[in-house]
file work.cif (mmCIF, C-alpha atoms and all ligand atoms)
data_target
loop_
_atom_site.label_atom_id
_atom_site.label_comp_id
_atom_site.auth_asym_id
_atom_site.auth_seq_id
_atom_site.Cartn_x
_atom_site.Cartn_y
_atom_site.Cartn_z
CA MET X 1 25.72 4.09 -29.08
CA PRO X 2 22.54 5.70 -27.63
CA THR X 3 22.72 9.10 -25.96
CA SER X 4 20.26 9.91 -23.16
CA THR X 5 19.36 13.03 -21.27
CA PHE X 6 18.32 13.02 -17.62
CA ASP X 7 16.47 15.74 -15.75
CA ILE X 8 17.30 15.15 -12.09
CA PHE X 9 15.87 16.83 -8.99
CA ARG X 10 18.69 18.25 -6.90
CA PHE X 11 17.48 18.84 -3.38
CA GLN X 12 19.82 20.98 -1.31
CA PRO X 13 18.76 21.35 2.35
CA ASP X 14 19.88 25.00 2.43
CA GLN X 15 17.95 25.98 -0.74
CA GLY X 16 14.36 25.23 0.28
CA PRO X 17 11.82 22.69 -0.95
CA ASP X 18 12.14 23.29 -4.69
CA SER X 19 15.94 23.58 -4.89
CA TYR X 20 16.71 23.05 -8.60
CA ARG X 21 16.74 20.53 -11.45
CA GLN X 22 19.84 19.60 -13.40
CA ALA X 23 20.15 18.21 -16.92
CA PHE X 24 22.77 15.58 -17.69
CA THR X 25 23.64 13.86 -20.97
CA LEU X 26 25.23 10.43 -21.18
CA GLU X 27 26.42 8.19 -24.00
CA HIS X 28 25.94 4.55 -23.09
CA GLY X 29 25.35 0.96 -24.22
CA THR X 30 21.86 -0.38 -24.83
CA ASP X 31 21.54 -2.25 -21.53
CA LEU X 32 22.11 0.52 -18.98
CA THR X 33 19.91 0.55 -15.88
CA LEU X 34 18.73 3.84 -14.41
CA LEU X 35 20.83 3.18 -11.30
CA ASP X 36 23.97 2.60 -13.37
CA ALA X 37 23.23 5.79 -15.29
CA ILE X 38 22.96 7.79 -12.05
CA LEU X 39 26.16 6.23 -10.71
CA ARG X 40 28.01 7.04 -13.92
CA LEU X 41 26.78 10.64 -13.78
CA GLN X 42 27.98 10.82 -10.18
CA ASP X 43 31.34 9.30 -11.11
CA GLU X 44 31.98 11.12 -14.38
CA GLN X 45 30.12 14.44 -14.18
CA ASP X 46 29.08 15.55 -10.69
CA GLY X 47 30.36 13.86 -7.56
CA THR X 48 27.85 15.75 -5.39
CA LEU X 49 24.82 13.92 -6.88
CA ALA X 50 23.44 11.87 -3.96
CA VAL X 51 21.63 8.53 -4.34
CA ARG X 52 21.06 5.62 -1.94
CA TYR X 53 21.78 2.10 -3.24
CA SER X 54 23.35 -1.16 -2.21
CA CYS X 55 22.79 -4.50 -3.97
CA ARG X 56 22.01 -3.41 -7.59
CA SER X 57 19.92 -6.61 -7.85
CA ALA X 58 16.41 -5.63 -6.70
CA ILE X 59 16.97 -7.24 -3.30
CA CYS X 60 17.93 -4.45 -0.89
CA GLY X 61 15.18 -2.03 -1.96
CA SER X 62 17.41 1.04 -1.38
CA CYS X 63 17.35 2.66 -4.84
CA ALA X 64 13.62 3.35 -5.20
CA CYS X 65 13.04 6.69 -6.94
CA LYS X 66 10.57 8.22 -9.37
CA ALA X 67 11.24 7.92 -13.10
CA ASP X 68 8.92 10.10 -15.17
CA GLY X 69 6.56 10.36 -12.20
CA LYS X 70 6.26 6.64 -11.43
CA THR X 71 8.05 4.98 -8.53
CA VAL X 72 10.52 2.31 -9.67
CA LEU X 73 13.58 0.51 -8.41
CA ALA X 74 16.36 2.29 -10.34
CA CYS X 75 18.32 -0.97 -10.62
CA MET X 76 15.34 -2.73 -12.25
CA SER X 77 14.61 -0.03 -14.83
CA GLN X 78 16.31 0.07 -18.21
CA VAL X 79 17.01 3.56 -19.54
CA GLU X 80 16.06 2.53 -23.09
CA ASP X 81 12.68 1.22 -21.84
CA LEU X 82 11.99 4.49 -20.01
CA LYS X 83 12.79 6.46 -23.17
CA ALA X 84 10.54 4.20 -25.23
CA GLN X 85 7.71 4.89 -22.76
CA ASN X 86 8.18 8.66 -22.65
CA GLY X 87 8.66 9.16 -26.39
CA GLY X 88 12.40 9.85 -26.19
CA GLN X 89 12.10 12.78 -23.77
CA PRO X 90 14.74 13.40 -21.07
CA VAL X 91 14.18 10.89 -18.27
CA ARG X 92 12.83 12.83 -15.29
CA VAL X 93 14.22 11.51 -12.00
CA ASP X 94 12.84 12.48 -8.56
CA PRO X 95 13.03 11.16 -5.00
CA ILE X 96 10.20 8.90 -3.85
CA GLY X 97 6.99 10.61 -2.73
CA ASN X 98 5.47 11.00 0.76
CA PHE X 99 8.94 11.41 2.29
CA ARG X 100 11.00 14.41 3.34
CA PRO X 101 13.99 14.79 1.00
CA LEU X 102 17.38 15.03 2.66
CA LYS X 103 19.70 15.46 -0.34
CA ASP X 104 18.92 14.98 -4.04
CA LEU X 105 17.38 11.49 -4.34
CA ILE X 106 17.92 10.54 -0.69
CA VAL X 107 14.93 10.85 1.66
CA ASP X 108 14.33 10.53 5.39
CA MET X 109 13.07 6.96 5.83
CA ASP X 110 12.54 7.21 9.61
CA PRO X 111 8.69 7.48 9.50
CA PHE X 112 8.59 4.40 7.26
CA TRP X 113 10.72 2.34 9.66
CA ASP X 114 8.72 3.59 12.69
CA LYS X 115 5.47 2.42 11.09
CA PHE X 116 7.07 -0.87 10.09
CA LYS X 117 8.10 -1.45 13.72
CA SER X 118 4.64 -0.42 14.95
CA VAL X 119 2.97 -3.50 13.36
CA LYS X 120 5.22 -5.88 15.36
CA PRO X 121 6.76 -7.50 12.28
CA TYR X 122 7.85 -10.72 13.98
CA LEU X 123 6.28 -13.98 15.10
CA ILE X 124 4.76 -14.01 18.59
CA PRO X 125 3.78 -17.66 19.14
CA ASP X 126 1.54 -18.82 21.98
CA GLY X 127 2.35 -21.57 24.45
CA PRO X 128 5.62 -23.21 25.37
CA ALA X 129 8.39 -23.42 22.79
CA PRO X 130 8.57 -26.82 21.05
CA GLU X 131 11.57 -29.05 21.59
CA LYS X 132 12.90 -28.52 18.08
CA GLU X 133 10.97 -26.16 15.82
CA ARG X 134 7.46 -25.05 14.84
CA ILE X 135 6.58 -27.00 11.72
CA VAL X 136 4.31 -25.29 9.23
CA SER X 137 2.81 -26.81 6.09
CA LYS X 138 3.58 -25.64 2.58
CA GLU X 139 -0.12 -24.81 2.08
CA ALA X 140 -0.15 -22.59 5.17
CA MET X 141 2.99 -20.77 4.02
CA GLN X 142 1.45 -20.29 0.59
CA LYS X 143 -1.20 -18.06 2.18
CA ILE X 144 1.43 -15.53 3.24
CA TYR X 145 3.86 -16.12 0.37
CA ASN X 146 3.15 -12.82 -1.44
CA GLU X 147 3.61 -10.71 1.67
CA SER X 148 6.85 -12.56 2.51
CA LYS X 149 8.40 -11.21 -0.69
CA CYS X 150 8.43 -7.59 0.52
CA ILE X 151 11.90 -5.98 0.39
CA LEU X 152 10.80 -2.75 2.17
CA CYS X 153 11.70 -0.54 -0.77
CA ALA X 154 8.81 1.88 0.02
CA ALA X 155 7.69 2.14 -3.64
CA CYS X 156 4.13 1.49 -2.45
CA TYR X 157 4.43 4.09 0.31
CA SER X 158 5.68 6.61 -2.25
CA GLU X 159 2.53 6.18 -4.37
CA CYS X 160 -0.04 5.92 -1.57
CA ASN X 161 -2.92 8.40 -1.82
CA SER X 162 -4.03 7.87 1.78
CA LEU X 163 -0.58 8.84 3.00
CA ALA X 164 -0.62 11.98 0.90
CA ALA X 165 -3.81 13.00 2.75
CA ASP X 166 -2.91 11.59 6.17
CA PRO X 167 0.83 11.27 6.93
CA GLU X 168 -0.08 9.21 10.02
CA PHE X 169 -1.59 6.39 7.92
CA VAL X 170 0.49 3.31 8.68
CA GLY X 171 0.87 2.58 4.97
CA PRO X 172 0.75 -0.38 2.60
CA ALA X 173 4.15 -1.94 3.32
CA ALA X 174 3.69 -2.07 7.10
CA LEU X 175 0.19 -3.52 6.68
CA ALA X 176 1.48 -6.14 4.24
CA TRP X 177 3.93 -7.18 6.96
CA GLY X 178 1.05 -7.12 9.41
CA PHE X 179 -0.77 -9.72 7.33
CA ARG X 180 2.44 -11.70 6.85
CA PHE X 181 2.29 -12.38 10.63
CA ALA X 182 -1.45 -12.21 11.34
CA GLY X 183 -1.90 -14.81 8.59
CA ASP X 184 0.91 -17.06 9.86
CA GLU X 185 -0.58 -20.06 11.63
CA ARG X 186 2.35 -20.16 14.07
CA ASP X 187 1.46 -16.71 15.41
CA GLY X 188 -0.64 -16.45 18.58
CA GLN X 189 -1.60 -12.78 18.33
CA ARG X 190 -4.22 -12.79 15.59
CA HIS X 191 -6.87 -11.06 17.72
CA ASN X 192 -4.48 -8.46 19.15
CA ARG X 193 -3.03 -7.81 15.72
CA ALA X 194 -6.53 -7.33 14.30
CA LYS X 195 -7.15 -4.70 17.00
CA LEU X 196 -3.78 -3.04 16.45
CA TYR X 197 -4.18 -2.75 12.68
CA SER X 198 -7.87 -1.71 12.75
CA GLY X 199 -7.37 1.44 14.80
CA GLU X 200 -7.06 5.02 13.66
CA HIS X 201 -4.71 5.42 10.64
CA GLY X 202 -4.90 1.65 10.03
CA VAL X 203 -6.54 -0.81 7.65
CA TRP X 204 -9.78 1.15 7.22
CA ASP X 205 -8.07 4.36 6.15
CA CYS X 206 -6.93 2.83 2.84
CA THR X 207 -8.76 4.46 -0.09
CA ARG X 208 -8.37 1.36 -2.30
CA CYS X 209 -6.68 3.36 -5.06
CA MET X 210 -4.60 0.25 -5.90
CA TYR X 211 -1.44 2.24 -6.71
CA CYS X 212 0.53 0.18 -4.20
CA ASN X 213 -0.29 -3.01 -6.09
CA GLU X 214 0.51 -1.35 -9.39
CA ARG X 215 3.95 -0.03 -8.41
CA CYS X 216 5.26 -2.79 -6.11
CA PRO X 217 8.30 -4.23 -7.93
CA LYS X 218 8.04 -7.61 -6.16
CA GLY X 219 4.39 -8.54 -6.67
CA VAL X 220 3.52 -8.26 -2.98
CA ASP X 221 0.12 -6.67 -3.72
CA PRO X 222 -0.15 -4.77 -0.41
CA ARG X 223 -3.74 -3.69 -1.09
CA ASP X 224 -4.72 -7.37 -1.19
CA ALA X 225 -3.01 -7.85 2.17
CA ILE X 226 -5.01 -4.93 3.58
CA GLU X 227 -8.18 -6.53 2.27
CA LYS X 228 -7.27 -9.78 4.02
CA LEU X 229 -6.57 -7.89 7.27
CA GLY X 230 -10.06 -6.39 6.98
CA GLY X 231 -11.39 -9.96 6.74
CA ILE X 232 -9.44 -10.95 9.85
CA ALA X 233 -10.84 -7.91 11.70
CA PHE X 234 -14.37 -9.14 10.87
CA SER X 235 -13.68 -12.72 11.85
CA GLU X 236 -12.06 -11.60 15.12
CA GLY X 237 -15.03 -9.34 15.91
CA VAL X 238 -13.05 -6.11 16.13
CA SER X 239 -14.64 -4.36 13.19
CA TRP X 240 -17.19 -2.14 14.94
CA ALA X 241 -14.80 0.40 16.39
CA ASP X 242 -13.99 2.15 13.13
CA ALA X 243 -16.30 4.00 10.72
CA GLY X 244 -14.51 2.46 7.71
CA ALA X 245 -15.13 -1.02 9.09
CA ARG X 246 -18.79 -0.29 9.76
CA HIS X 247 -19.12 1.03 6.22
CA ALA X 248 -17.71 -2.23 4.84
CA LYS X 249 -20.01 -4.21 7.14
CA ALA X 250 -23.06 -2.33 5.81
CA PHE X 251 -22.06 -3.42 2.29
CA LEU X 252 -21.86 -7.02 3.45
CA ILE X 253 -25.22 -7.00 5.25
CA SER X 254 -26.85 -5.30 2.32
CA MET X 255 -25.51 -7.94 -0.11
CA ARG X 256 -26.54 -10.80 2.18
CA THR X 257 -30.06 -9.56 2.73
CA GLY X 258 -30.97 -8.08 -0.62
CA GLY X 259 -28.30 -9.22 -3.08
CA LYS X 260 -27.38 -5.65 -3.95
CA LEU X 261 -26.21 -2.45 -2.32
CA ASN X 262 -28.80 -0.62 -0.21
CA GLU X 263 -27.31 2.89 0.01
CA THR X 264 -29.79 3.98 2.68
CA LEU X 265 -28.18 1.52 5.12
CA LEU X 266 -24.70 2.94 4.67
CA VAL X 267 -25.06 6.21 6.60
CA PRO X 268 -26.71 4.89 9.80
CA PHE X 269 -24.26 1.98 9.95
CA THR X 270 -21.20 4.10 9.28
CA ASN X 271 -22.06 7.02 11.51
CA PRO X 272 -25.08 6.29 13.74
CA ILE X 273 -24.94 9.60 15.68
CA LYS X 274 -24.66 11.83 12.64
CA SER X 275 -27.41 9.90 10.87
CA GLN X 276 -29.84 10.73 13.71
CA LEU X 277 -29.10 14.42 13.23
CA ASP X 278 -29.63 14.01 9.49
CA LEU X 279 -32.93 12.14 9.95
CA PRO X 280 -35.31 15.04 9.13
CA PHE X 281 -33.34 15.78 5.97
CA ALA X 282 -33.36 12.06 5.01
CA LEU X 283 -37.15 11.88 5.53
CA ARG X 284 -37.67 14.92 3.31
CA MET X 285 -35.49 13.30 0.62
CA LEU X 286 -37.52 10.08 0.91
CA SER X 287 -40.85 11.91 0.64
CA LYS X 288 -39.67 13.60 -2.58
CA GLY X 289 -38.47 10.29 -4.00
CA LYS X 290 -34.84 11.51 -3.97
CA ALA X 291 -33.51 8.68 -1.78
CA PRO X 292 -33.83 4.91 -2.18
CA SER X 293 -36.27 3.15 0.14
CA PRO X 294 -34.69 1.85 3.38
CA ILE X 295 -36.70 -1.37 3.01
CA PRO X 296 -34.26 -3.83 1.45
CA HIS X 297 -35.10 -4.83 -2.13
CA LYS X 298 -34.27 -8.40 -2.98
CA VAL X 299 -32.79 -9.29 -6.35
CA LYS X 300 -34.47 -12.19 -8.17
CA ASN X 301 -31.57 -14.62 -7.80
CA LEU X 302 -30.64 -13.91 -4.20
CA GLY X 303 -29.64 -17.57 -3.74
CA GLU X 304 -27.05 -17.24 -6.52
CA VAL X 305 -25.58 -14.10 -4.92
CA LYS X 306 -25.34 -15.89 -1.56
CA LYS X 307 -23.61 -18.85 -3.23
CA LEU X 308 -21.15 -16.48 -4.88
CA MET X 309 -20.40 -14.78 -1.56
CA LYS X 310 -19.86 -18.17 0.08
CA ASN X 311 -17.44 -19.21 -2.69
CA VAL X 312 -15.48 -15.98 -2.34
CA LYS X 313 -15.27 -16.43 1.42
CA GLU X 314 -14.00 -19.99 1.05
CA THR X 315 -11.44 -18.99 -1.58
CA ILE X 316 -10.03 -16.29 0.69
S1 LIG B 1 5.12 -4.00 -0.58
FE1 LIG B 1 6.29 -3.95 -2.51
S2 LIG B 1 6.56 -1.76 -2.92
FE2 LIG B 1 5.94 -1.93 -0.78
S3 LIG B 1 7.86 -1.97 0.35
FE3 LIG B 1 7.29 -4.11 -0.04
S4 LIG B 1 8.34 -4.66 -1.94
FE4 LIG B 1 8.38 -2.42 -1.80
S1 LIG B 2 -4.66 0.97 -2.11
FE1 LIG B 2 -4.64 1.87 -0.04
S2 LIG B 2 -2.59 1.41 0.77
FE2 LIG B 2 -2.52 1.06 -1.44
S3 LIG B 2 -1.74 2.99 -2.27
FE3 LIG B 2 -3.99 3.12 -2.33
S4 LIG B 2 -4.58 4.07 -0.40
FE4 LIG B 2 -2.45 3.43 -0.18
#
call {"tool": "encode", "arguments": {"input": "work.cif", "output": "C-alpha cells"}}
result
Amino acid sequence: MPTSTFDIFRFQPDQGPDSYRQAFTLEHGTDLTLLDAILRLQDEQDGTLAVRYSCRSAICGSCACKADGKTVLACMSQVEDLKAQNGGQPVRVDPIGNFRPLKDLIVDMDPFWDKFKSVKPYLIPDGPAPEKERIVSKEAMQKIYNESKCILCAACYSECNSLAADPEFVGPAALAWGFRFAGDERDGQRHNRAKLYSGEHGVWDCTRCMYCNERCPKGVDPRDAIEKLGGIAFSEGVSWADAGARHAKAFLISMRTGGKLNETLLVPFTNPIKSQLDLPFALRMLSKGKAPSPIPHKVKNLGEVKKLMKNVKETI
C-alpha cells in the first residue's frame, strides 16, 4: 500500500495571512483522489481541517484548490499522479489564488459571484415570447458549446495574471459566460453586452497569458471566449472606447494595409493624446534611424495575407 505525505496550508483567521502549514501522512490504495485524501485526513487525523466540496464528480466545482502550485479540482486529481509529477515529494496543498482565505482551503467566493452576476449570465431575448419555445439549431449551439460547459469552479480565476494585478478585472469565467450569451442567437442584447464587457476591467484588460485555458478542468478555454468577445466588440462598433481595443485595432489595420505589424502605428492609435506629447521624441528617434518608418511597408504577398485573414474571420 502506498504512503503519501501532504503539506497543507492551514489558514486561521486569528493568526494572520501566513498562519501555518501542517504535514500529514496517509497510507492508502492506489486510486485515491486528492479530495478523498483530504477528507480522510479530516476524518481520521484532524477534524478541524476545512475544505469545501459537494459532488465528488467534477460537476459542482466546489473543491478547486492548488496542488503543488497548480489549480486543480481535488476530486479529479489522483494522489499517485501528483506524486509522479513532483518526484515523490509531499503533495503541497493550498487554497485557490486571487481569493481571500477564510479557513484552511476555504476562500471567500463573493467577488467571483458578484462578477459572474455583473455579466448578466442569462438570456435576454428581443421581441414577443413565442407560443411554445425559441428553437435554435445544433450548429448555432455548437458555437457556444465550450462556454456552456463551465461549472464555475474558479480554477481559471485562481490562475489569472490580470486579476493578480487588478482585482477589479471581471475575470475569465465571467467573460466566458458573457460569450455564452452574447454568442447565443436567441439573445437580443449583443450590442449592449459588447459595451458592458468592453469597459474598464473587461475584455481588453486580459493579458493573454493563457493560464485560464491551461488550468480549466472542463475544456471551456475562457481566453478563447474573451477573444471572441473582442471580435463581437469590433463587429458591434464599440471598440474605440478602450485603449486595449484600439491597440488590437492598430494590429488589424497594420496587417490589412501592409501585411505585417507597423509598430509606429501602435502608439498613436492606442493613446492619441500621449502620442502627441511624445511627438518630438519620436521624431528624434526617426531621424537617428532608431524607430521604424511610419509609412506602411507592404510585404510581397499581401494578397495571400489578406486571404488568410479572410479565412480566419470566416472560421471564427
Ligand atoms: S471556465 Fe473552466 S476553470 Fe473557469 S470556472 Fe469555468 S469550468 Fe472552472
Ligand atoms: S488569458 Fe487573460 S483571462 Fe486568462 S488567465 Fe490570462 S489574463 Fe486571465
call {"tool": "closest_atom_pairs", "arguments": {"input": "work.cif", "of": "chain X", "to": "ligand LIG 1 (chain B)", "cutoff": "10 Å", "atoms": "only C-alpha atoms and all ligand atoms", "output": "tab-separated table"}}
result
residue	atom	partner	partner_atom	distance
X:Ala58	CA	B:LIG1	S4	9.4
X:Ile59	CA	B:LIG1	S4	9.1
X:Cys60	CA	B:LIG1	S4	9.6
X:Gly61	CA	B:LIG1	FE4	6.8
X:Ser62	CA	B:LIG1	FE4	9.7
X:Ala64	CA	B:LIG1	FE4	8.5
X:Thr71	CA	B:LIG1	S2	8.9
X:Val72	CA	B:LIG1	S2	8.8
X:Leu73	CA	B:LIG1	FE4	8.9
X:Phe112	CA	B:LIG1	S3	9.4
X:Phe116	CA	B:LIG1	S3	9.8
X:Asn146	CA	B:LIG1	S1	9.1
X:Glu147	CA	B:LIG1	S1	7.2
X:Ser148	CA	B:LIG1	FE3	8.8
X:Lys149	CA	B:LIG1	S4	6.7
X:Cys150	CA	B:LIG1	FE3	3.7
X:Ile151	CA	B:LIG1	S4	4.5
X:Leu152	CA	B:LIG1	S3	3.5
X:Cys153	CA	B:LIG1	FE4	4.0
X:Ala154	CA	B:LIG1	S3	4.0
X:Ala155	CA	B:LIG1	S2	4.1
X:Cys156	CA	B:LIG1	S2	4.1
X:Tyr157	CA	B:LIG1	FE2	6.3
X:Ser158	CA	B:LIG1	S2	8.4
X:Glu159	CA	B:LIG1	S2	9.0
X:Cys160	CA	B:LIG1	FE2	9.9
X:Gly171	CA	B:LIG1	FE2	8.9
X:Pro172	CA	B:LIG1	FE2	6.4
X:Ala173	CA	B:LIG1	FE2	4.5
X:Ala174	CA	B:LIG1	S3	7.9
X:Leu175	CA	B:LIG1	S1	8.8
X:Ala176	CA	B:LIG1	S1	6.4
X:Trp177	CA	B:LIG1	S1	8.3
X:Tyr211	CA	B:LIG1	S2	9.7
X:Cys212	CA	B:LIG1	S2	6.5
X:Asn213	CA	B:LIG1	FE1	7.5
X:Glu214	CA	B:LIG1	S2	8.9
X:Arg215	CA	B:LIG1	S2	6.3
X:Cys216	CA	B:LIG1	S2	3.6
X:Pro217	CA	B:LIG1	FE1	5.8
X:Lys218	CA	B:LIG1	S4	5.2
X:Gly219	CA	B:LIG1	FE1	6.5
X:Val220	CA	B:LIG1	S1	5.1
X:Asp221	CA	B:LIG1	S1	6.5
X:Pro222	CA	B:LIG1	S1	5.3
X:Arg223	CA	B:LIG1	S1	8.9
X:Ala225	CA	B:LIG1	S1	9.4
call {"tool": "residues_around", "arguments": {"input": "work.cif", "residues": "X:Ile135", "least_positions_apart": "6", "cutoff": "12 Å", "atoms": "only C-alpha atoms", "output": "ChimeraX atom specification"}}
result
/X:129,141,184-186
call {"tool": "residues_around", "arguments": {"input": "work.cif", "residues": "stretch 8-15 of chain X", "least_positions_apart": "3", "cutoff": "8 Å", "atoms": "all atoms listed in the file", "output": "mmCIF file with C-alpha atoms, in the coordinates of the input"}}
result
data_model
loop_
_atom_site.group_PDB
_atom_site.id
_atom_site.type_symbol
_atom_site.label_atom_id
_atom_site.label_comp_id
_atom_site.auth_asym_id
_atom_site.auth_seq_id
_atom_site.Cartn_x
_atom_site.Cartn_y
_atom_site.Cartn_z
ATOM 1 C CA ASP X 18 12.140 23.290 -4.690
ATOM 2 C CA SER X 19 15.940 23.580 -4.890
ATOM 3 C CA TYR X 20 16.710 23.050 -8.600
ATOM 4 C CA ARG X 21 16.740 20.530 -11.450
ATOM 5 C CA GLN X 22 19.840 19.600 -13.400
ATOM 6 C CA ALA X 23 20.150 18.210 -16.920
ATOM 7 C CA PHE X 24 22.770 15.580 -17.690
ATOM 8 C CA LEU X 49 24.820 13.920 -6.880
ATOM 9 C CA ARG X 92 12.830 12.830 -15.290
ATOM 10 C CA VAL X 93 14.220 11.510 -12.000
ATOM 11 C CA ASP X 94 12.840 12.480 -8.560
ATOM 12 C CA PRO X 95 13.030 11.160 -5.000
ATOM 13 C CA PRO X 101 13.990 14.790 1.000
ATOM 14 C CA LEU X 102 17.380 15.030 2.660
ATOM 15 C CA LYS X 103 19.700 15.460 -0.340
ATOM 16 C CA ASP X 104 18.920 14.980 -4.040
ATOM 17 C CA LEU X 105 17.380 11.490 -4.340
#
call {"tool": "closest_residue", "arguments": {"input": "work.cif", "among": "X:Gly202, X:Gly289, X:Pro125, X:Pro268", "to": "ligand LIG 2 (chain B)", "atoms": "only C-alpha atoms and all ligand atoms"}}
result
X:Gly202
call {"tool": "closest_residue", "arguments": {"input": "work.cif", "among": "X:Ser235, X:Asn98, X:Asn262, X:Thr30", "to": "ligand LIG 2 (chain B)", "atoms": "only C-alpha atoms and all ligand atoms"}}
result
X:Asn98
call {"tool": "residues_around", "arguments": {"input": "work.cif", "residues": "X:Glu304", "least_positions_apart": "6", "cutoff": "12 Å", "atoms": "only C-alpha atoms", "output": "MDAnalysis selection string"}}
result
chainID X and resid 255:256 258:260 298 310:311
call {"tool": "atom_distance", "arguments": {"input": "work.cif", "atom1": "atom CA of X:Leu35", "atom2": "atom CA of X:Val79"}}
result
9.1 Å
call {"tool": "residues_near_point", "arguments": {"input": "work.cif", "point": "(-20.4, -2.7, 8.0)", "cutoff": "10 Å", "atoms": "only C-alpha atoms", "output": "list in words"}}
result
Phe234, Ser239, Trp240, Asp242, Ala243, Gly244, Ala245, Arg246, His247, Ala248, Lys249, Ala250, Phe251, Leu252, Ile253, Ser254, Leu265, Leu266, Phe269 and Thr270 of chain X
call {"tool": "closest_residue", "arguments": {"input": "work.cif", "among": "X:Arg190, X:Arg208, X:Lys120, X:Arg52", "to": "X:Ile226", "atoms": "all atoms listed in the file"}}
result
X:Arg208
call {"tool": "atom_distance", "arguments": {"input": "work.cif", "atom1": "atom CA of X:Phe181", "atom2": "atom CA of X:Val119"}}
result
9.3 Å
call {"tool": "atom_distance", "arguments": {"input": "work.cif", "atom1": "atom CA of X:Leu26", "atom2": "atom CA of X:Pro2"}}
result
8.4 Å
call {"tool": "axis_aligned_box", "arguments": {"input": "work.cif", "around": "ligand LIG 2 (chain B)", "padding_each_side": "6 Å", "output": "lines of an AutoDock Vina configuration file"}}
result
center_x = -3.2
center_y = 2.5
center_z = -0.8
size_x = 14.9
size_y = 15.1
size_z = 15.1
call {"tool": "closest_residue", "arguments": {"input": "work.cif", "among": "X:Phe99, X:Asp187, X:Tyr53, X:Gly178", "to": "X:Arg134", "atoms": "only C-alpha atoms"}}
result
X:Asp187
call {"tool": "closest_residue", "arguments": {"input": "work.cif", "among": "X:Leu308, X:Cys206, X:Ile106, X:Ala165", "to": "ligand LIG 2 (chain B)", "atoms": "only C-alpha atoms and all ligand atoms"}}
result
X:Cys206
